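Below is the file query_32.pdb, which contains PDB, C-alpha atoms and all ligand atoms.
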```
ATOM      1  CA  MET Z  27       7.055 -29.489 -21.564  1.00  0.00           C
ATOM      2  CA  THR Z  28       3.947 -28.418 -23.452  1.00  0.00           C
ATOM      3  CA  ALA Z  29       4.271 -25.433 -25.738  1.00  0.00           C
ATOM      4  CA  HIS Z  30       1.620 -22.838 -24.925  1.00  0.00           C
ATOM      5  CA  ALA Z  31       1.208 -21.367 -28.378  1.00  0.00           C
ATOM      6  CA  GLY Z  32      -2.216 -20.015 -29.212  1.00  0.00           C
ATOM      7  CA  GLU Z  33      -4.104 -16.955 -30.338  1.00  0.00           C
ATOM      8  CA  ASP Z  34      -3.867 -15.278 -26.977  1.00  0.00           C
ATOM      9  CA  ARG Z  35      -0.302 -16.245 -26.261  1.00  0.00           C
ATOM     10  CA  ALA Z  36       3.068 -15.186 -27.511  1.00  0.00           C
ATOM     11  CA  SER Z  37       4.853 -17.657 -29.782  1.00  0.00           C
ATOM     12  CA  PHE Z  38       8.357 -17.034 -28.492  1.00  0.00           C
ATOM     13  CA  HIS Z  39      10.142 -19.282 -26.015  1.00  0.00           C
ATOM     14  CA  ALA Z  40      12.894 -16.767 -25.344  1.00  0.00           C
ATOM     15  CA  MET Z  41      12.351 -13.021 -25.230  1.00  0.00           C
ATOM     16  CA  SER Z  42      15.133 -12.528 -27.741  1.00  0.00           C
ATOM     17  CA  ALA Z  43      12.798 -14.079 -30.368  1.00  0.00           C
ATOM     18  CA  GLY Z  44       9.789 -11.876 -29.535  1.00  0.00           C
ATOM     19  CA  SER Z  45       7.812  -9.927 -32.123  1.00  0.00           C
ATOM     20  CA  ALA Z  46       5.479  -6.941 -31.887  1.00  0.00           C
ATOM     21  CA  ASP Z  47       2.526  -9.317 -32.381  1.00  0.00           C
ATOM     22  CA  ASP Z  48       3.714 -11.386 -29.438  1.00  0.00           C
ATOM     23  CA  TRP Z  49       3.870  -8.313 -27.270  1.00  0.00           C
ATOM     24  CA  ALA Z  50       0.438  -7.126 -28.354  1.00  0.00           C
ATOM     25  CA  ARG Z  51      -0.972 -10.415 -27.066  1.00  0.00           C
ATOM     26  CA  ILE Z  52       0.993 -10.146 -23.832  1.00  0.00           C
ATOM     27  CA  LEU Z  53      -0.057  -6.555 -23.206  1.00  0.00           C
ATOM     28  CA  ALA Z  54      -3.717  -7.469 -23.694  1.00  0.00           C
ATOM     29  CA  ALA Z  55      -3.383 -10.192 -21.064  1.00  0.00           C
ATOM     30  CA  VAL Z  56      -1.363  -7.991 -18.716  1.00  0.00           C
ATOM     31  CA  ARG Z  57      -3.929  -5.224 -18.960  1.00  0.00           C
ATOM     32  CA  ASP Z  58      -6.651  -7.619 -17.878  1.00  0.00           C
ATOM     33  CA  PHE Z  59      -4.480  -8.916 -15.028  1.00  0.00           C
ATOM     34  CA  ASN Z  60      -3.530  -5.436 -13.847  1.00  0.00           C
ATOM     35  CA  ASP Z  61      -7.141  -4.308 -13.895  1.00  0.00           C
ATOM     36  CA  ARG Z  62      -7.780  -6.874 -11.161  1.00  0.00           C
ATOM     37  CA  PHE Z  63      -4.961  -5.585  -8.940  1.00  0.00           C
ATOM     38  CA  PRO Z  64      -7.364  -3.688  -6.628  1.00  0.00           C
ATOM     39  CA  ASP Z  65      -9.277  -6.937  -6.032  1.00  0.00           C
ATOM     40  CA  ARG Z  66      -6.057  -8.740  -5.123  1.00  0.00           C
ATOM     41  CA  LEU Z  67      -4.920  -5.942  -2.824  1.00  0.00           C
ATOM     42  CA  ILE Z  68      -8.265  -5.904  -1.015  1.00  0.00           C
ATOM     43  CA  ALA Z  69      -8.215  -9.700  -0.706  1.00  0.00           C
ATOM     44  CA  HIS Z  70      -4.714  -9.498   0.752  1.00  0.00           C
ATOM     45  CA  LEU Z  71      -5.742  -6.800   3.213  1.00  0.00           C
ATOM     46  CA  GLN Z  72      -8.412  -9.165   4.478  1.00  0.00           C
ATOM     47  CA  LEU Z  73      -5.682 -11.643   5.439  1.00  0.00           C
ATOM     48  CA  LEU Z  74      -5.063  -9.307   8.392  1.00  0.00           C
ATOM     49  CA  GLN Z  75      -8.444 -10.241   9.812  1.00  0.00           C
ATOM     50  CA  GLY Z  76      -8.427 -12.434  12.897  1.00  0.00           C
ATOM     51  CA  ASP Z  77      -4.745 -11.924  13.706  1.00  0.00           C
ATOM     52  CA  HIS Z  78      -4.656  -9.704  16.774  1.00  0.00           C
ATOM     53  CA  GLY Z  79      -0.920 -10.135  17.395  1.00  0.00           C
ATOM     54  CA  GLY Z  80      -1.510  -9.499  21.106  1.00  0.00           C
ATOM     55  CA  PHE Z  81      -3.244  -6.151  20.538  1.00  0.00           C
ATOM     56  CA  ALA Z  82      -6.806  -5.330  21.637  1.00  0.00           C
ATOM     57  CA  VAL Z  83      -8.006  -5.321  18.021  1.00  0.00           C
ATOM     58  CA  ASP Z  84      -6.930  -7.479  15.079  1.00  0.00           C
ATOM     59  CA  ARG Z  85      -4.704  -6.127  12.335  1.00  0.00           C
ATOM     60  CA  LEU Z  86      -7.563  -5.535   9.914  1.00  0.00           C
ATOM     61  CA  GLU Z  87      -9.555  -3.547  12.467  1.00  0.00           C
ATOM     62  CA  HIS Z  88      -6.426  -1.543  13.289  1.00  0.00           C
ATOM     63  CA  SER Z  89      -6.012  -0.742   9.581  1.00  0.00           C
ATOM     64  CA  LEU Z  90      -9.678   0.173   9.168  1.00  0.00           C
ATOM     65  CA  GLN Z  91      -9.599   2.266  12.315  1.00  0.00           C
ATOM     66  CA  THR Z  92      -6.495   4.141  11.189  1.00  0.00           C
ATOM     67  CA  ALA Z  93      -8.203   4.866   7.856  1.00  0.00           C
ATOM     68  CA  SER Z  94     -11.475   5.794   9.595  1.00  0.00           C
ATOM     69  CA  ARG Z  95      -9.728   8.396  11.711  1.00  0.00           C
ATOM     70  CA  ALA Z  96      -7.929   9.835   8.686  1.00  0.00           C
ATOM     71  CA  LEU Z  97     -11.154   9.988   6.661  1.00  0.00           C
ATOM     72  CA  ARG Z  98     -13.103  11.656   9.470  1.00  0.00           C
ATOM     73  CA  ASP Z  99     -10.269  14.135   9.869  1.00  0.00           C
ATOM     74  CA  GLY Z 100     -10.796  15.293   6.292  1.00  0.00           C
ATOM     75  CA  ARG Z 101      -7.763  13.668   4.672  1.00  0.00           C
ATOM     76  CA  ASP Z 102      -7.856  13.148   0.907  1.00  0.00           C
ATOM     77  CA  ASP Z 103      -8.355   9.844  -0.906  1.00  0.00           C
ATOM     78  CA  GLU Z 104      -4.664   9.133  -1.305  1.00  0.00           C
ATOM     79  CA  TYR Z 105      -3.888   9.669   2.361  1.00  0.00           C
ATOM     80  CA  VAL Z 106      -6.833   7.526   3.456  1.00  0.00           C
ATOM     81  CA  ALA Z 107      -5.734   4.762   1.085  1.00  0.00           C
ATOM     82  CA  CYS Z 108      -2.230   4.901   2.595  1.00  0.00           C
ATOM     83  CA  ALA Z 109      -3.714   4.700   6.086  1.00  0.00           C
ATOM     84  CA  LEU Z 110      -5.743   1.670   5.036  1.00  0.00           C
ATOM     85  CA  ILE Z 111      -2.810  -0.162   3.451  1.00  0.00           C
ATOM     86  CA  HIS Z 112       0.033   0.917   5.762  1.00  0.00           C
ATOM     87  CA  ASP Z 113       0.255  -2.408   7.635  1.00  0.00           C
ATOM     88  CA  ILE Z 114      -0.595  -4.780   4.776  1.00  0.00           C
ATOM     89  CA  GLY Z 115       3.012  -5.995   4.841  1.00  0.00           C
ATOM     90  CA  ASP Z 116       2.492  -7.598   8.238  1.00  0.00           C
ATOM     91  CA  VAL Z 117       1.589 -10.879   6.512  1.00  0.00           C
ATOM     92  CA  LEU Z 118       4.328 -11.188   3.907  1.00  0.00           C
ATOM     93  CA  GLY Z 119       7.118  -9.108   5.418  1.00  0.00           C
ATOM     94  CA  PRO Z 120       6.767  -8.792   9.173  1.00  0.00           C
ATOM     95  CA  ALA Z 121      10.416  -7.775   9.580  1.00  0.00           C
ATOM     96  CA  HIS Z 122       9.983  -4.847   7.177  1.00  0.00           C
ATOM     97  CA  HIS Z 123       6.230  -4.481   6.869  1.00  0.00           C
ATOM     98  CA  ALA Z 124       6.286  -0.725   6.389  1.00  0.00           C
ATOM     99  CA  GLU Z 125       8.470  -1.006   3.306  1.00  0.00           C
ATOM    100  CA  VAL Z 126       6.257  -3.739   1.837  1.00  0.00           C
ATOM    101  CA  GLY Z 127       3.130  -1.601   2.061  1.00  0.00           C
ATOM    102  CA  ALA Z 128       4.935   1.464   0.746  1.00  0.00           C
ATOM    103  CA  VAL Z 129       6.291  -0.386  -2.281  1.00  0.00           C
ATOM    104  CA  LEU Z 130       2.869  -1.779  -3.167  1.00  0.00           C
ATOM    105  CA  MET Z 131       1.372   1.717  -3.181  1.00  0.00           C
ATOM    106  CA  ARG Z 132       4.330   3.532  -4.714  1.00  0.00           C
ATOM    107  CA  PRO Z 133       3.029   3.911  -8.300  1.00  0.00           C
ATOM    108  CA  PHE Z 134      -0.161   5.536  -7.053  1.00  0.00           C
ATOM    109  CA  ILE Z 135       1.009   7.957  -4.364  1.00  0.00           C
ATOM    110  CA  SER Z 136       3.183  11.016  -3.887  1.00  0.00           C
ATOM    111  CA  GLU Z 137       6.786  10.790  -2.732  1.00  0.00           C
ATOM    112  CA  ARG Z 138       5.674  12.292   0.563  1.00  0.00           C
ATOM    113  CA  ASN Z 139       3.063   9.622   1.226  1.00  0.00           C
ATOM    114  CA  PHE Z 140       5.486   6.941   0.060  1.00  0.00           C
ATOM    115  CA  TRP Z 141       8.054   8.108   2.611  1.00  0.00           C
ATOM    116  CA  MET Z 142       5.410   8.259   5.322  1.00  0.00           C
ATOM    117  CA  MET Z 143       4.358   4.681   4.634  1.00  0.00           C
ATOM    118  CA  GLN Z 144       7.936   3.465   4.313  1.00  0.00           C
ATOM    119  CA  GLN Z 145       9.131   5.019   7.582  1.00  0.00           C
ATOM    120  CA  HIS Z 146       6.004   4.809   9.730  1.00  0.00           C
ATOM    121  CA  ALA Z 147       7.295   1.851  11.756  1.00  0.00           C
ATOM    122  CA  VAL Z 148      10.206   3.706  13.337  1.00  0.00           C
ATOM    123  CA  PHE Z 149       7.959   6.733  13.987  1.00  0.00           C
ATOM    124  CA  GLN Z 150       5.381   4.454  15.586  1.00  0.00           C
ATOM    125  CA  GLY Z 151       8.240   3.224  17.783  1.00  0.00           C
ATOM    126  CA  TYR Z 152       8.155   6.545  19.612  1.00  0.00           C
ATOM    127  CA  TYR Z 153       5.146   5.150  21.464  1.00  0.00           C
ATOM    128  CA  TYR Z 154       6.657   1.819  22.553  1.00  0.00           C
ATOM    129  CA  PHE Z 155      10.316   1.165  21.712  1.00  0.00           C
ATOM    130  CA  HIS Z 156      11.356   2.367  25.205  1.00  0.00           C
ATOM    131  CA  LEU Z 157       8.958  -0.166  26.737  1.00  0.00           C
ATOM    132  CA  ILE Z 158      10.699  -3.108  25.076  1.00  0.00           C
ATOM    133  CA  GLY Z 159      14.279  -2.076  25.714  1.00  0.00           C
ATOM    134  CA  GLY Z 160      14.756   0.165  22.719  1.00  0.00           C
ATOM    135  CA  ASP Z 161      15.092   3.862  21.995  1.00  0.00           C
ATOM    136  CA  ARG Z 162      11.808   5.674  21.509  1.00  0.00           C
ATOM    137  CA  ASN Z 163      13.694   8.447  19.774  1.00  0.00           C
ATOM    138  CA  ALA Z 164      15.046   6.194  17.042  1.00  0.00           C
ATOM    139  CA  ARG Z 165      13.033   8.326  14.605  1.00  0.00           C
ATOM    140  CA  ASP Z 166      15.373  11.227  15.379  1.00  0.00           C
ATOM    141  CA  ARG Z 167      17.822   9.964  12.783  1.00  0.00           C
ATOM    142  CA  PHE Z 168      15.360  11.444  10.297  1.00  0.00           C
ATOM    143  CA  ARG Z 169      15.237  14.877  11.969  1.00  0.00           C
ATOM    144  CA  GLY Z 170      15.510  17.525   9.309  1.00  0.00           C
ATOM    145  CA  HIS Z 171      13.812  15.404   6.654  1.00  0.00           C
ATOM    146  CA  PRO Z 172      11.040  17.460   4.998  1.00  0.00           C
ATOM    147  CA  ASP Z 173       8.455  14.799   5.812  1.00  0.00           C
ATOM    148  CA  PHE Z 174       9.492  14.170   9.425  1.00  0.00           C
ATOM    149  CA  GLU Z 175       6.607  16.079  10.979  1.00  0.00           C
ATOM    150  CA  TYR Z 176       4.156  14.800   8.380  1.00  0.00           C
ATOM    151  CA  THR Z 177       5.015  11.207   9.285  1.00  0.00           C
ATOM    152  CA  ALA Z 178       5.116  11.881  13.026  1.00  0.00           C
ATOM    153  CA  GLN Z 179       1.639  13.353  12.695  1.00  0.00           C
ATOM    154  CA  PHE Z 180       0.328  10.233  10.913  1.00  0.00           C
ATOM    155  CA  CYS Z 181       1.423   8.092  13.849  1.00  0.00           C
ATOM    156  CA  GLU Z 182       0.265  10.520  16.516  1.00  0.00           C
ATOM    157  CA  LEU Z 183      -3.184  11.241  15.127  1.00  0.00           C
ATOM    158  CA  TYR Z 184      -4.133   7.967  13.491  1.00  0.00           C
ATOM    159  CA  ASP Z 185      -1.805   4.968  13.745  1.00  0.00           C
ATOM    160  CA  GLN Z 186      -0.801   4.854  17.421  1.00  0.00           C
ATOM    161  CA  ARG Z 187      -4.347   5.439  18.683  1.00  0.00           C
ATOM    162  CA  SER Z 188      -6.116   2.895  16.489  1.00  0.00           C
ATOM    163  CA  PHE Z 189      -6.224  -0.063  18.846  1.00  0.00           C
ATOM    164  CA  ASP Z 190      -9.556   0.821  20.429  1.00  0.00           C
ATOM    165  CA  PRO Z 191     -12.261  -1.873  20.288  1.00  0.00           C
ATOM    166  CA  ALA Z 192     -14.858   0.747  21.323  1.00  0.00           C
ATOM    167  CA  TYR Z 193     -14.122   3.088  18.419  1.00  0.00           C
ATOM    168  CA  ASP Z 194     -16.752   3.284  15.657  1.00  0.00           C
ATOM    169  CA  THR Z 195     -14.536   1.814  12.970  1.00  0.00           C
ATOM    170  CA  LEU Z 196     -15.887   1.986   9.420  1.00  0.00           C
ATOM    171  CA  PRO Z 197     -16.158  -1.298   7.480  1.00  0.00           C
ATOM    172  CA  LEU Z 198     -13.913  -2.202   4.562  1.00  0.00           C
ATOM    173  CA  ASP Z 199     -16.798  -1.474   2.169  1.00  0.00           C
ATOM    174  CA  ALA Z 200     -16.527   2.197   3.092  1.00  0.00           C
ATOM    175  CA  PHE Z 201     -12.958   2.339   1.801  1.00  0.00           C
ATOM    176  CA  GLU Z 202     -13.112   0.205  -1.333  1.00  0.00           C
ATOM    177  CA  PRO Z 203     -14.299   3.037  -3.626  1.00  0.00           C
ATOM    178  CA  ILE Z 204     -11.586   5.311  -2.210  1.00  0.00           C
ATOM    179  CA  LEU Z 205      -8.852   2.732  -2.718  1.00  0.00           C
ATOM    180  CA  ARG Z 206     -10.068   1.909  -6.232  1.00  0.00           C
ATOM    181  CA  ARG Z 207      -9.985   5.591  -7.201  1.00  0.00           C
ATOM    182  CA  VAL Z 208      -6.404   5.907  -6.012  1.00  0.00           C
ATOM    183  CA  LEU Z 209      -5.289   2.692  -7.735  1.00  0.00           C
ATOM    184  CA  ALA Z 210      -6.938   3.785 -10.997  1.00  0.00           C
ATOM    185  CA  ALA Z 211      -4.655   6.788 -11.319  1.00  0.00           C
ATOM    186  CA  PRO Z 212      -0.951   5.877 -11.364  1.00  0.00           C
ATOM    187  CA  LYS Z 213       1.121   8.970 -10.724  1.00  0.00           C
ATOM    188  CA  HIS Z 214       4.537   8.096 -11.991  1.00  0.00           C
ATOM    189  CA  ALA Z 215       5.520   7.763 -15.626  1.00  0.00           C
ATOM    190  CA  ASP Z 216       8.337   5.462 -14.479  1.00  0.00           C
ATOM    191  CA  PHE Z 217       5.761   2.781 -13.800  1.00  0.00           C
ATOM    192  CA  ALA Z 218       3.832   3.219 -17.044  1.00  0.00           C
ATOM    193  CA  HIS Z 219       5.505   0.268 -18.749  1.00  0.00           C
ATOM    194  CA  GLU Z 220       4.889  -2.051 -15.826  1.00  0.00           C
ATOM    195  CA  LEU Z 221       1.290  -0.928 -15.643  1.00  0.00           C
ATOM    196  CA  ASN Z 222       1.001  -1.108 -19.456  1.00  0.00           C
ATOM    197  CA  ALA Z 223      -0.267   2.461 -19.462  1.00  0.00           C
ATOM    198  CA  SER Z 224      -3.846   1.168 -19.226  1.00  0.00           C
ATOM    199  CA  GLY Z 225      -4.883   4.402 -17.596  1.00  0.00           C
ATOM    200  CA  PRO Z 226      -3.775   8.004 -17.722  1.00  0.00           C
ATOM    201  CA  VAL Z 227      -0.495   8.702 -16.012  1.00  0.00           C
ATOM    202  CA  ALA Z 228      -0.828  11.911 -14.074  1.00  0.00           C
ATOM    203  CA  ASP Z 229       2.044  14.258 -13.431  1.00  0.00           C
ATOM    204  CA  ALA Z 230       4.447  12.888 -10.869  1.00  0.00           C
ATOM    205  CA  GLN Z 231       4.159  14.538  -7.467  1.00  0.00           C
TER     206      GLN Z 231
HETATM  207 FE    FE Y   1       2.927  -0.544  11.018  1.00  0.00          FE
HETATM  208 FE    FE Y   2      -0.382   0.544  12.117  1.00  0.00          FE
END
```

Is it possible to express this structure as structure tokens?
Amino acid sequence: MTAHAGEDRASFHAMSAGSADDWARILAAVRDFNDRFPDRLIAHLQLLQGDHGGFAVDRLEHSLQTASRALRDGRDDEYVACALIHDIGDVLGPAHHAEVGAVLMRPFISERNFWMMQQHAVFQGYYYFHLIGGDRNARDRFRGHPDFEYTAQFCELYDQRSFDPAYDTLPLDAFEPILRRVLAAPKHADFAHELNASGPVADAQ
């Protein structure tokens, strides 16, 4: 196998042999890679286009419509970004799509919005689980959680009603600046190493 030694690459072949110079090179490359994360996330979101999954609108339009409703309702950038991304996991993790989207956004959002994204699927079930042989009240196992009503409200106001082809859904372009602002401001110091601390790490919320 070819050795990839060079000015912009680490010289070690096992981490145990790494030096500070090696890691300076790696961090420079990682910083550049991480700076393009918003582009990759937006490209991935666009994979939802054209797949209607039996609904009246495709998954991208549903996502845009959910975010459009949240934006027009006066929600802040972070909430709108969560609304936009909440179903991005449909492509890579259909059996646990809510968790996939939540994990992708976790470094950039509050614990409350993380929980909302992570649990939205069972709350959305209130509107259809009983129609497919399930229990529409499955969300009740979370009764008493401080973010129960917050998450129920997300589904009621935005998610469950965003399958309307006649709604004036905003285009993806309208949300890119919002999403980029949110992704430029990681909130949790725990993720600083992974994100190479390329930007300011705000107080955790
Ligand atoms: Fe969902
Ligand atoms: Fe959804």

_As an exercise, work out the distance from CA of Ala164 in chain Z to CA of Ala107 in chain Z in Å and give it to one decimal place._
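It comes out at 26.2 Å.
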
*Protein and nucleic residues near ligand FE 1 (chain Y), 10 Å, all atoms listed in the file, as a ChimeraX atom specification*: /Z:85,88-89,109,111-116,120,122-125,127,143-151,181,185-186

_Distance query range 130-132 of chain Z at most 8 Å, all atoms listed in the file, self and fewer than 5 positions along chain excluded, as a ChimeraX atom specification_ = /Z:108,137,140

*Which one of Z:Arg62, Z:Arg98, Z:Arg187, Z:Arg35 sits closest to ligand FE 2 (chain Y) if you count all atoms listed in the file?*
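Among the listed residues, the smallest separation from ligand FE 2 (chain Y) belongs to Z:Arg187.
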
Mind working out the centre and edge lengths of an axis-aligned box for range 174-188 of chain Z, all listed atoms inside, 6 Å added to each side, rounded to one decimal in Å and written as JSON?
```
{"center_x": 1.7, "center_y": 9.5, "center_z": 13.5, "size_x": 27.6, "size_y": 25.2, "size_z": 22.3}
```

*Could you pull the residues within 8 Å of Asp34 in chain Z, counting all atoms listed in the file, minus those fewer than 4 positions along the same chain, as a list of chain:residue names?*
Z:Arg51, Z:Ile52, Z:Ala55

*Target residues per the PyMOL selection byres (((chain Z and resi 193) around 12) and not hetatm), formatted as a PyMOL selection string*: chain Z and resi 82-83+87-88+90-92+94-95+187-192+194-197

With N, CA and C atoms as the goal, would you fill in the gaps in range 146-163 of chain Z and present it as a short mmCIF file (atom, residue, chain, number, x, y, z; two decimals), in the coordinates of the input?
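What ended up in out39.cif:
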```cif
data_model
loop_
_atom_site.label_atom_id
_atom_site.label_comp_id
_atom_site.auth_asym_id
_atom_site.auth_seq_id
_atom_site.Cartn_x
_atom_site.Cartn_y
_atom_site.Cartn_z
N HIS Z 146 6.93 4.66 8.61
CA HIS Z 146 6.00 4.81 9.73
C HIS Z 146 6.37 3.92 10.92
N ALA Z 147 7.03 2.79 10.66
CA ALA Z 147 7.30 1.85 11.76
C ALA Z 147 8.23 2.45 12.81
N VAL Z 148 9.27 3.14 12.36
CA VAL Z 148 10.21 3.71 13.34
C VAL Z 148 9.57 4.91 14.03
N PHE Z 149 8.67 5.62 13.35
CA PHE Z 149 7.96 6.73 13.99
C PHE Z 149 6.93 6.20 15.00
N GLN Z 150 6.32 5.08 14.66
CA GLN Z 150 5.38 4.45 15.59
C GLN Z 150 6.14 4.00 16.84
N GLY Z 151 7.41 3.68 16.67
CA GLY Z 151 8.24 3.22 17.78
C GLY Z 151 8.37 4.24 18.90
N TYR Z 152 8.11 5.50 18.58
CA TYR Z 152 8.15 6.54 19.61
C TYR Z 152 7.21 6.22 20.76
N TYR Z 153 6.17 5.46 20.46
CA TYR Z 153 5.15 5.15 21.46
C TYR Z 153 5.39 3.85 22.22
N TYR Z 154 6.44 3.08 21.81
CA TYR Z 154 6.66 1.82 22.55
C TYR Z 154 8.08 1.26 22.57
N PHE Z 155 8.97 1.76 21.73
CA PHE Z 155 10.32 1.16 21.71
C PHE Z 155 10.96 1.16 23.11
N HIS Z 156 10.75 2.26 23.87
CA HIS Z 156 11.36 2.37 25.20
C HIS Z 156 10.77 1.36 26.19
N LEU Z 157 9.61 0.80 25.85
CA LEU Z 157 8.96 -0.17 26.74
C LEU Z 157 9.43 -1.59 26.48
N ILE Z 158 10.18 -1.76 25.40
CA ILE Z 158 10.70 -3.11 25.08
C ILE Z 158 12.22 -3.08 24.96
N GLY Z 159 12.82 -2.11 25.64
CA GLY Z 159 14.28 -2.08 25.71
C GLY Z 159 14.95 -1.30 24.61
N GLY Z 160 14.17 -0.59 23.82
CA GLY Z 160 14.76 0.16 22.72
C GLY Z 160 14.74 1.66 22.96
N ASP Z 161 15.01 2.40 21.92
CA ASP Z 161 15.09 3.86 22.00
C ASP Z 161 13.88 4.47 21.31
N ARG Z 162 13.02 5.10 22.09
CA ARG Z 162 11.81 5.67 21.51
C ARG Z 162 12.12 6.81 20.55
N ASN Z 163 13.31 7.35 20.65
CA ASN Z 163 13.69 8.45 19.77
C ASN Z 163 14.48 7.99 18.55
#
```
